[in-house]
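Containing PDB, C-alpha atoms, pLDDT in the B column: model_0.pdb.
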ATOM      1  CA  MET A   1     152.024 309.033  95.968  1.00 81.00           C
ATOM      2  CA  GLU A   2     149.274 307.559  98.131  1.00 86.00           C
ATOM      3  CA  LEU A   3     150.486 304.637 100.212  1.00 93.00           C
ATOM      4  CA  GLY A   4     147.020 303.322 100.970  1.00 95.00           C
ATOM      5  CA  GLU A   5     146.836 300.639 103.640  1.00 98.00           C
ATOM      6  CA  TRP A   6     150.481 299.935 104.344  1.00 98.00           C
ATOM      7  CA  GLY A   7     152.588 298.010 106.810  1.00 98.00           C
ATOM      8  CA  LEU A   8     156.272 297.950 107.716  1.00 98.00           C
ATOM      9  CA  VAL A   9     158.139 294.659 107.199  1.00 98.00           C
ATOM     10  CA  VAL A  10     161.426 294.111 109.058  1.00 98.00           C
ATOM     11  CA  VAL A  11     163.246 291.095 107.605  1.00 98.00           C
ATOM     12  CA  ASP A  12     165.777 289.052 109.611  1.00 98.00           C
ATOM     13  CA  LEU A  13     167.333 291.964 111.487  1.00 98.00           C
ATOM     14  CA  GLN A  14     168.543 289.512 114.107  1.00 98.00           C
ATOM     15  CA  ARG A  15     171.396 289.401 116.563  1.00 97.00           C
ATOM     16  CA  TYR A  16     173.232 286.428 115.057  1.00 97.00           C
ATOM     17  CA  TYR A  17     173.942 288.245 111.796  1.00 96.00           C
ATOM     18  CA  VAL A  18     176.050 290.943 113.440  1.00 95.00           C
ATOM     19  CA  ASP A  19     177.062 289.652 116.886  1.00 96.00           C
ATOM     20  CA  PRO A  20     180.800 288.771 116.672  1.00 93.00           C
ATOM     21  CA  LYS A  21     180.239 286.018 119.260  1.00 92.00           C
ATOM     22  CA  ALA A  22     177.623 284.271 117.113  1.00 97.00           C
ATOM     23  CA  SER A  23     178.627 281.156 115.179  1.00 97.00           C
ATOM     24  CA  PHE A  24     177.188 282.736 112.028  1.00 97.00           C
ATOM     25  CA  VAL A  25     179.690 285.597 112.126  1.00 97.00           C
ATOM     26  CA  SER A  26     182.672 283.637 113.403  1.00 96.00           C
ATOM     27  CA  PHE A  27     182.246 280.771 110.934  1.00 97.00           C
ATOM     28  CA  PHE A  28     181.994 282.926 107.825  1.00 96.00           C
ATOM     29  CA  GLU A  29     184.846 285.111 109.060  1.00 95.00           C
ATOM     30  CA  SER A  30     186.977 281.973 109.381  1.00 95.00           C
ATOM     31  CA  VAL A  31     186.153 280.977 105.793  1.00 93.00           C
ATOM     32  CA  HIS A  32     186.163 284.454 104.240  1.00 94.00           C
ATOM     33  CA  PRO A  33     187.944 287.001 106.474  1.00 95.00           C
ATOM     34  CA  GLY A  34     186.083 290.304 106.421  1.00 92.00           C
ATOM     35  CA  ALA A  35     182.871 288.704 105.142  1.00 90.00           C
ATOM     36  CA  SER A  36     180.708 290.313 107.827  1.00 94.00           C
ATOM     37  CA  GLN A  37     182.472 293.662 108.042  1.00 95.00           C
ATOM     38  CA  TYR A  38     180.382 295.611 105.532  1.00 96.00           C
ATOM     39  CA  ILE A  39     176.975 294.360 106.624  1.00 97.00           C
ATOM     40  CA  SER A  40     177.778 294.743 110.320  1.00 96.00           C
ATOM     41  CA  GLN A  41     179.119 298.272 109.940  1.00 96.00           C
ATOM     42  CA  ARG A  42     176.200 299.348 107.740  1.00 97.00           C
ATOM     43  CA  CYS A  43     173.706 297.899 110.218  1.00 97.00           C
ATOM     44  CA  HIS A  44     175.161 299.668 113.237  1.00 96.00           C
ATOM     45  CA  GLU A  45     175.998 302.984 111.589  1.00 97.00           C
ATOM     46  CA  LEU A  46     173.092 303.423 109.167  1.00 98.00           C
ATOM     47  CA  VAL A  47     170.325 300.816 109.126  1.00 98.00           C
ATOM     48  CA  VAL A  48     169.505 300.654 112.829  1.00 98.00           C
ATOM     49  CA  PRO A  49     169.515 304.441 113.469  1.00 98.00           C
ATOM     50  CA  ARG A  50     167.390 305.124 110.371  1.00 98.00           C
ATOM     51  CA  LEU A  51     165.027 302.229 111.037  1.00 98.00           C
ATOM     52  CA  CYS A  52     164.525 303.369 114.647  1.00 98.00           C
ATOM     53  CA  ARG A  53     163.005 306.575 113.304  1.00 98.00           C
ATOM     54  CA  VAL A  54     160.813 304.713 110.832  1.00 98.00           C
ATOM     55  CA  VAL A  55     159.611 302.227 113.451  1.00 98.00           C
ATOM     56  CA  ALA A  56     158.780 305.016 115.903  1.00 98.00           C
ATOM     57  CA  ARG A  57     156.772 306.938 113.308  1.00 98.00           C
ATOM     58  CA  THR A  58     155.019 303.774 112.143  1.00 98.00           C
ATOM     59  CA  ARG A  59     153.883 303.083 115.709  1.00 98.00           C
ATOM     60  CA  GLU A  60     152.752 306.697 116.157  1.00 97.00           C
ATOM     61  CA  LEU A  61     150.514 306.289 113.128  1.00 97.00           C
ATOM     62  CA  GLY A  62     149.145 302.975 114.361  1.00 97.00           C
ATOM     63  CA  ARG A  63     150.323 301.112 111.275  1.00 98.00           C
ATOM     64  CA  PRO A  64     151.228 297.392 111.509  1.00 98.00           C
ATOM     65  CA  ILE A  65     154.821 296.228 111.910  1.00 98.00           C
ATOM     66  CA  ILE A  66     155.628 292.697 110.792  1.00 98.00           C
ATOM     67  CA  TYR A  67     158.916 291.118 111.846  1.00 98.00           C
ATOM     68  CA  LEU A  68     160.305 288.081 110.027  1.00 98.00           C
ATOM     69  CA  ARG A  69     162.980 285.949 111.699  1.00 98.00           C
ATOM     70  CA  LEU A  70     165.103 283.289 109.985  1.00 98.00           C
ATOM     71  CA  CYS A  71     165.749 280.467 112.433  1.00 97.00           C
ATOM     72  CA  GLY A  72     165.370 276.738 112.866  1.00 96.00           C
ATOM     73  CA  THR A  73     162.441 275.131 114.629  1.00 93.00           C
ATOM     74  CA  ARG A  74     163.882 271.589 114.639  1.00 96.00           C
ATOM     75  CA  GLU A  75     166.958 270.611 116.622  1.00 96.00           C
ATOM     76  CA  ASP A  76     168.681 269.154 113.557  1.00 97.00           C
ATOM     77  CA  ARG A  77     167.688 272.181 111.430  1.00 97.00           C
ATOM     78  CA  SER A  78     166.159 269.836 108.849  1.00 97.00           C
ATOM     79  CA  ASP A  79     163.375 272.376 108.312  1.00 97.00           C
ATOM     80  CA  LEU A  80     165.793 274.945 106.877  1.00 98.00           C
ATOM     81  CA  HIS A  81     166.123 275.744 103.167  1.00 98.00           C
ATOM     82  CA  ARG A  82     168.651 273.366 101.610  1.00 98.00           C
ATOM     83  CA  HIS A  83     171.271 276.117 101.210  1.00 97.00           C
ATOM     84  CA  PHE A  84     170.979 277.117 104.862  1.00 98.00           C
ATOM     85  CA  LEU A  85     171.052 273.466 105.922  1.00 97.00           C
ATOM     86  CA  LYS A  86     174.220 272.843 103.894  1.00 97.00           C
ATOM     87  CA  CYS A  87     175.949 275.803 105.561  1.00 97.00           C
ATOM     88  CA  TYR A  88     174.714 274.642 108.959  1.00 98.00           C
ATOM     89  CA  HIS A  89     176.323 271.216 108.502  1.00 98.00           C
ATOM     90  CA  GLU A  90     179.565 272.712 107.159  1.00 97.00           C
ATOM     91  CA  ALA A  91     179.804 275.001 110.169  1.00 97.00           C
ATOM     92  CA  LEU A  92     178.985 272.170 112.560  1.00 97.00           C
ATOM     93  CA  GLN A  93     181.790 270.038 111.114  1.00 97.00           C
ATOM     94  CA  ALA A  94     184.173 272.977 111.473  1.00 97.00           C
ATOM     95  CA  GLY A  95     183.325 273.373 115.153  1.00 97.00           C
ATOM     96  CA  PHE A  96     180.804 276.196 114.930  1.00 97.00           C
ATOM     97  CA  PRO A  97     177.485 274.999 116.419  1.00 95.00           C
ATOM     98  CA  ALA A  98     174.112 276.643 115.890  1.00 95.00           C
ATOM     99  CA  LEU A  99     175.038 278.592 112.749  1.00 97.00           C
ATOM    100  CA  TYR A 100     171.315 279.257 112.444  1.00 98.00           C
ATOM    101  CA  PRO A 101     169.883 279.473 115.957  1.00 98.00           C
ATOM    102  CA  LEU A 102     166.671 277.849 117.062  1.00 98.00           C
ATOM    103  CA  SER A 103     163.681 280.134 117.482  1.00 96.00           C
ATOM    104  CA  GLY A 104     164.051 280.208 121.277  1.00 96.00           C
ATOM    105  CA  ASP A 105     167.744 281.120 121.243  1.00 97.00           C
ATOM    106  CA  PRO A 106     168.451 284.740 122.280  1.00 97.00           C
ATOM    107  CA  LEU A 107     170.647 285.096 119.179  1.00 98.00           C
ATOM    108  CA  ALA A 108     167.511 284.656 117.063  1.00 98.00           C
ATOM    109  CA  ASP A 109     166.055 287.821 118.609  1.00 98.00           C
ATOM    110  CA  VAL A 110     165.606 291.008 116.628  1.00 98.00           C
ATOM    111  CA  LEU A 111     168.253 293.623 117.421  1.00 98.00           C
ATOM    112  CA  PRO A 112     167.185 295.314 120.668  1.00 97.00           C
ATOM    113  CA  GLU A 113     167.151 298.849 119.252  1.00 97.00           C
ATOM    114  CA  VAL A 114     164.226 297.939 116.980  1.00 98.00           C
ATOM    115  CA  ALA A 115     162.809 294.993 118.920  1.00 97.00           C
ATOM    116  CA  PRO A 116     159.119 294.073 118.598  1.00 98.00           C
ATOM    117  CA  GLN A 117     156.685 295.521 121.096  1.00 97.00           C
ATOM    118  CA  PRO A 118     153.241 294.301 122.178  1.00 96.00           C
ATOM    119  CA  GLY A 119     150.901 294.529 119.204  1.00 96.00           C
ATOM    120  CA  ASP A 120     153.621 293.906 116.626  1.00 98.00           C
ATOM    121  CA  HIS A 121     153.612 290.710 114.574  1.00 98.00           C
ATOM    122  CA  VAL A 122     156.566 288.289 114.722  1.00 98.00           C
ATOM    123  CA  LEU A 123     156.758 285.371 112.298  1.00 98.00           C
ATOM    124  CA  ASP A 124     159.515 282.770 112.029  1.00 98.00           C
ATOM    125  CA  LYS A 125     160.565 281.375 108.666  1.00 98.00           C
ATOM    126  CA  THR A 126     163.024 278.767 107.431  1.00 98.00           C
ATOM    127  CA  THR A 127     163.421 279.922 103.822  1.00 98.00           C
ATOM    128  CA  TYR A 128     164.480 283.050 101.957  1.00 98.00           C
ATOM    129  CA  SER A 129     160.908 284.221 101.425  1.00 98.00           C
ATOM    130  CA  GLY A 130     158.519 284.729 104.275  1.00 98.00           C
ATOM    131  CA  PHE A 131     155.720 283.608 101.965  1.00 98.00           C
ATOM    132  CA  THR A 132     157.183 280.112 101.569  1.00 98.00           C
ATOM    133  CA  SER A 133     157.489 279.084 105.213  1.00 98.00           C
ATOM    134  CA  SER A 134     155.384 281.396 107.374  1.00 98.00           C
ATOM    135  CA  SER A 135     151.804 282.596 107.631  1.00 98.00           C
ATOM    136  CA  ILE A 136     152.653 286.099 106.460  1.00 98.00           C
ATOM    137  CA  GLU A 137     150.230 286.094 103.525  1.00 98.00           C
ATOM    138  CA  SER A 138     147.208 285.255 105.651  1.00 98.00           C
ATOM    139  CA  LEU A 139     148.332 287.863 108.186  1.00 98.00           C
ATOM    140  CA  LEU A 140     148.664 290.567 105.527  1.00 98.00           C
ATOM    141  CA  ARG A 141     145.243 289.684 104.113  1.00 98.00           C
ATOM    142  CA  SER A 142     143.668 289.836 107.561  1.00 98.00           C
ATOM    143  CA  LEU A 143     145.238 293.267 108.099  1.00 98.00           C
ATOM    144  CA  GLN A 144     143.875 294.312 104.680  1.00 98.00           C
ATOM    145  CA  LEU A 145     147.229 295.721 103.617  1.00 98.00           C
ATOM    146  CA  GLU A 146     147.839 296.982 100.102  1.00 97.00           C
ATOM    147  CA  ARG A 147     151.512 297.973 100.301  1.00 97.00           C
ATOM    148  CA  LEU A 148     154.581 296.718 102.159  1.00 97.00           C
ATOM    149  CA  VAL A 149     157.507 298.910 103.191  1.00 98.00           C
ATOM    150  CA  MET A 150     160.541 296.622 103.102  1.00 98.00           C
ATOM    151  CA  THR A 151     163.523 296.829 105.447  1.00 98.00           C
ATOM    152  CA  GLY A 152     166.090 294.458 106.946  1.00 98.00           C
ATOM    153  CA  LEU A 153     168.671 291.854 105.894  1.00 98.00           C
ATOM    154  CA  ALA A 154     169.984 290.910 103.459  1.00 98.00           C
ATOM    155  CA  THR A 155     168.870 293.122 100.587  1.00 97.00           C
ATOM    156  CA  SER A 156     169.604 290.686  97.757  1.00 97.00           C
ATOM    157  CA  GLN A 157     168.514 287.607  99.647  1.00 97.00           C
ATOM    158  CA  CYS A 158     165.589 287.410 102.066  1.00 98.00           C
ATOM    159  CA  VAL A 159     164.413 290.994 101.591  1.00 98.00           C
ATOM    160  CA  GLU A 160     164.322 290.819  97.807  1.00 96.00           C
ATOM    161  CA  THR A 161     162.848 287.306  97.684  1.00 97.00           C
ATOM    162  CA  THR A 162     160.066 288.232 100.100  1.00 98.00           C
ATOM    163  CA  ALA A 163     159.375 291.452  98.185  1.00 97.00           C
ATOM    164  CA  ARG A 164     159.192 289.630  94.839  1.00 96.00           C
ATOM    165  CA  ASP A 165     156.786 287.058  96.261  1.00 97.00           C
ATOM    166  CA  ALA A 166     154.679 289.843  97.760  1.00 97.00           C
ATOM    167  CA  SER A 167     154.587 291.646  94.425  1.00 96.00           C
ATOM    168  CA  ASP A 168     153.426 288.456  92.682  1.00 96.00           C
ATOM    169  CA  ARG A 169     150.579 288.289  95.194  1.00 97.00           C
ATOM    170  CA  GLY A 170     149.399 291.794  94.422  1.00 96.00           C
ATOM    171  CA  PHE A 171     151.027 293.824  97.173  1.00 96.00           C
ATOM    172  CA  GLY A 172     152.690 297.122  96.314  1.00 96.00           C
ATOM    173  CA  ILE A 173     156.316 297.384  97.406  1.00 97.00           C
ATOM    174  CA  VAL A 174     158.411 300.246  98.734  1.00 97.00           C
ATOM    175  CA  HIS A 175     162.077 299.563  99.522  1.00 97.00           C
ATOM    176  CA  LEU A 176     163.760 301.823 102.080  1.00 98.00           C
ATOM    177  CA  GLU A 177     167.327 301.831 100.775  1.00 97.00           C
ATOM    178  CA  ASP A 178     169.045 303.013 103.946  1.00 98.00           C
ATOM    179  CA  CYS A 179     167.073 300.599 106.149  1.00 98.00           C
ATOM    180  CA  GLN A 180     168.499 297.554 104.356  1.00 98.00           C
ATOM    181  CA  ALA A 181     171.954 295.994 104.259  1.00 98.00           C
ATOM    182  CA  ASP A 182     173.766 293.315 102.301  1.00 97.00           C
ATOM    183  CA  TYR A 183     177.188 291.686 102.478  1.00 96.00           C
ATOM    184  CA  GLN A 184     178.571 293.972  99.767  1.00 96.00           C
ATOM    185  CA  GLU A 185     177.492 297.367  98.516  1.00 96.00           C
ATOM    186  CA  ILE A 186     177.373 296.146  94.910  1.00 97.00           C
ATOM    187  CA  SER A 187     174.858 293.374  95.692  1.00 97.00           C
ATOM    188  CA  HIS A 188     172.790 295.811  97.763  1.00 97.00           C
ATOM    189  CA  ARG A 189     172.570 298.300  94.909  1.00 96.00           C
ATOM    190  CA  ALA A 190     172.059 295.673  92.209  1.00 96.00           C
ATOM    191  CA  SER A 191     169.189 294.124  94.137  1.00 96.00           C
ATOM    192  CA  LEU A 192     167.401 297.432  94.553  1.00 96.00           C
ATOM    193  CA  PHE A 193     167.978 298.267  90.886  1.00 95.00           C
ATOM    194  CA  ALA A 194     166.352 294.969  89.868  1.00 93.00           C
ATOM    195  CA  SER A 195     163.445 295.574  92.220  1.00 91.00           C
ATOM    196  CA  ARG A 196     162.578 298.833  90.492  1.00 86.00           C
ATOM    197  CA  SER A 197     161.030 296.913  87.600  1.00 82.00           C
ATOM    198  CA  VAL A 198     159.965 293.696  89.303  1.00 84.00           C
ATOM    199  CA  CYS A 199     158.416 295.176  92.444  1.00 83.00           C
ATOM    200  CA  GLY A 200     157.019 298.492  91.247  1.00 80.00           C
ATOM    201  CA  GLY A 201     159.876 300.959  91.075  1.00 75.00           C
ATOM    202  CA  HIS A 202     159.707 302.506  94.550  1.00 92.00           C
ATOM    203  CA  VAL A 203     163.110 302.736  96.223  1.00 96.00           C
ATOM    204  CA  TRP A 204     163.258 305.555  98.739  1.00 97.00           C
ATOM    205  CA  SER A 205     165.443 306.799 101.557  1.00 98.00           C
ATOM    206  CA  SER A 206     163.989 306.819 105.050  1.00 98.00           C
ATOM    207  CA  ASP A 207     163.950 310.635 104.942  1.00 98.00           C
ATOM    208  CA  GLU A 208     161.847 310.592 101.759  1.00 97.00           C
ATOM    209  CA  PHE A 209     159.468 308.074 103.310  1.00 97.00           C
ATOM    210  CA  LEU A 210     159.089 309.996 106.568  1.00 98.00           C
ATOM    211  CA  GLU A 211     158.510 313.220 104.632  1.00 96.00           C
ATOM    212  CA  LEU A 212     155.713 311.539 102.692  1.00 94.00           C
ATOM    213  CA  LEU A 213     154.095 310.450 105.942  1.00 94.00           C
TER
END

Let me see the structure of the file written as structure tokens.
Amino acid sequence: MELGEWGLVVVDLQRYYVDPKASFVSFFESVHPGASQYISQRCHELVVPRLCRVVARTRELGRPIIYLRLCGTREDRSDLHRHFLKCYHEALQAGFPALYPLSGDPLADVLPEVAPQPGDHVLDKTTYSGFTSSSIESLLRSLQLERLVMTGLATSQCVETTARDASDRGFGIVHLEDCQADYQEISHRASLFASRSVCGGHVWSSDEFLELL
């Protein structure tokens, strides 16, 4: 398979999703004990090590890397998607502030192992899809990309929604299965299964992708 003009997209691989000190983790653990266990373990043991290799090779080849970050830009988080805003208020009432951090908060940063470097592209969003609340489409057009290699969190949420929107706009999609994580294995696998038909059918491991390169 010829990838053509491709770029790597890293979706919401941010500290607050997996840092046990973050309100996001502590709030959902208080409501649903064990809620963050699977995604946190998969991130640390599989996603980050595999993605480090992919990011390094992508940079060696001089291909673009686009980071998306889900965070608020208004103090009251009124710019967030209604579902995120609802959770934010519920957490606030329960004594967990800043469920979704503001863009300048260190907890909004990408995990340090795969952090952006000079020349990478970092876009903040407030919705599931990067196409709804960021300038990603104009960026991708300016880079003249044909295909997006999708990684990050969470598979069935922001990754899948962004990939579906990209597919609707004519971009080819490749999902790297072991560079994505969800809150349960079943939702992770179901999302990728659905994407096979909606987004073009390309779901690879990082090893398969690196071998192709």

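Run against this file, the PyMOL selection byres ((chain A and resi 151-155) around 6) gives back Val10, Val11, Asp12, Leu13, Met150, Ser156, Gln157, Cys158, Val159, Glu160, Cys179, Gln180, Ala181, Asp182 and His188 of chain A.
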
Nearest to Glu177 in chain A, chosen from A:Thr132, A:Gln117, A:Ser195, A:Thr161, with all atoms listed in the file counted in the distances: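 Residue with the minimum atom-to-atom distance to Glu177 in chain A: A:Ser195.
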
Point to revise | Explicit residues for the PyMOL selection byres ((chain A and resi 80) around 9) (as JSON, numbers by chain) | key: {"A": [70, 71, 72, 73, 74, 77, 78, 79, 81, 82, 83, 84, 85, 100, 125, 126, 127]}

Contacts of Leu46 in chain A within 12 Å, only C-alpha atoms, excl. fewer than 2 positions in-chain, as a PDB file with C-alpha atoms, keeping the file's coordinate frame:
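This is the output file part-v5.pdb:
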ATOM      1  CA  TYR A  38     180.382 295.611 105.532  1.00 96.00           C
ATOM      2  CA  ILE A  39     176.975 294.360 106.624  1.00 97.00           C
ATOM      3  CA  SER A  40     177.778 294.743 110.320  1.00 96.00           C
ATOM      4  CA  GLN A  41     179.119 298.272 109.940  1.00 96.00           C
ATOM      5  CA  ARG A  42     176.200 299.348 107.740  1.00 97.00           C
ATOM      6  CA  CYS A  43     173.706 297.899 110.218  1.00 97.00           C
ATOM      7  CA  HIS A  44     175.161 299.668 113.237  1.00 96.00           C
ATOM      8  CA  VAL A  48     169.505 300.654 112.829  1.00 98.00           C
ATOM      9  CA  PRO A  49     169.515 304.441 113.469  1.00 98.00           C
ATOM     10  CA  ARG A  50     167.390 305.124 110.371  1.00 98.00           C
ATOM     11  CA  LEU A  51     165.027 302.229 111.037  1.00 98.00           C
ATOM     12  CA  CYS A  52     164.525 303.369 114.647  1.00 98.00           C
ATOM     13  CA  ARG A  53     163.005 306.575 113.304  1.00 98.00           C
ATOM     14  CA  GLY A 152     166.090 294.458 106.946  1.00 98.00           C
ATOM     15  CA  LEU A 176     163.760 301.823 102.080  1.00 98.00           C
ATOM     16  CA  GLU A 177     167.327 301.831 100.775  1.00 97.00           C
ATOM     17  CA  ASP A 178     169.045 303.013 103.946  1.00 98.00           C
ATOM     18  CA  CYS A 179     167.073 300.599 106.149  1.00 98.00           C
ATOM     19  CA  GLN A 180     168.499 297.554 104.356  1.00 98.00           C
ATOM     20  CA  ALA A 181     171.954 295.994 104.259  1.00 98.00           C
ATOM     21  CA  SER A 205     165.443 306.799 101.557  1.00 98.00           C
ATOM     22  CA  SER A 206     163.989 306.819 105.050  1.00 98.00           C
TER      23      SER A 206
END

note - CA of Arg164 in chain A and CA of Gln14 in chain A are separated by 21.4 Å

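Once the PyMOL selection byres ((chain A and resi 135-142) around 9) is applied to the shown structure, the selection contains Gly7, Ile66, Leu68, His121, Leu123, Asp124, Lys125, Gly130, Phe131, Thr132, Ser133, Ser134, Leu143, Gln144, Leu145, Glu146, Ala166 and Arg169 of chain A.
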
Counting only C-alpha atoms, what is within 12 Å of Phe28 in chain A, bar same-chain residues fewer than 2 positions away, as a list in words?
-> Tyr16, Tyr17, Val18, Pro20, Lys21, Ala22, Ser23, Phe24, Val25, Ser26, Ser30, Val31, His32, Pro33, Gly34, Ala35, Ser36, Gln37, Cys87, Tyr88, Glu90, Ala91, Ala94, Phe96, Leu99 and Tyr183 of chain A

So for range 174-184 of chain A, what box centre and size do we get, axis-aligned, 8 Å extra on each of the six sides, every listed atom, Å to one decimal, as JSON?
{"center_x": 168.5, "center_y": 297.3, "center_z": 102.4, "size_x": 36.2, "size_y": 27.3, "size_z": 23.4}

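Between CA of Ala98 in chain A and CA of Ser129 in chain A the separation is 21.0 Å.
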
re CA of Phe27 in chain A and CA of Pro112 in chain A: distance 23.1 Å

Contacts of Met1 in chain A at 10 Å or less, counting all atoms listed in the file, minus same-chain residues fewer than 2 places along, as an mmCIF file with C-alpha atoms, in the coordinates of the input?
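Just written: out.cif:
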data_model
loop_
_atom_site.group_PDB
_atom_site.id
_atom_site.type_symbol
_atom_site.label_atom_id
_atom_site.label_comp_id
_atom_site.auth_asym_id
_atom_site.auth_seq_id
_atom_site.Cartn_x
_atom_site.Cartn_y
_atom_site.Cartn_z
ATOM 1 C CA LEU A 3 150.486 304.637 100.212
ATOM 2 C CA GLY A 4 147.020 303.322 100.970
ATOM 3 C CA LEU A 212 155.713 311.539 102.692
#

* Pick from A:Val54, A:Val122, A:Ile65, A:Val47 nearest to Glu208 in chain A, counting only C-alpha atoms ->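 Looking at the shortest contact to Glu208 in chain A, the residue is A:Val54.
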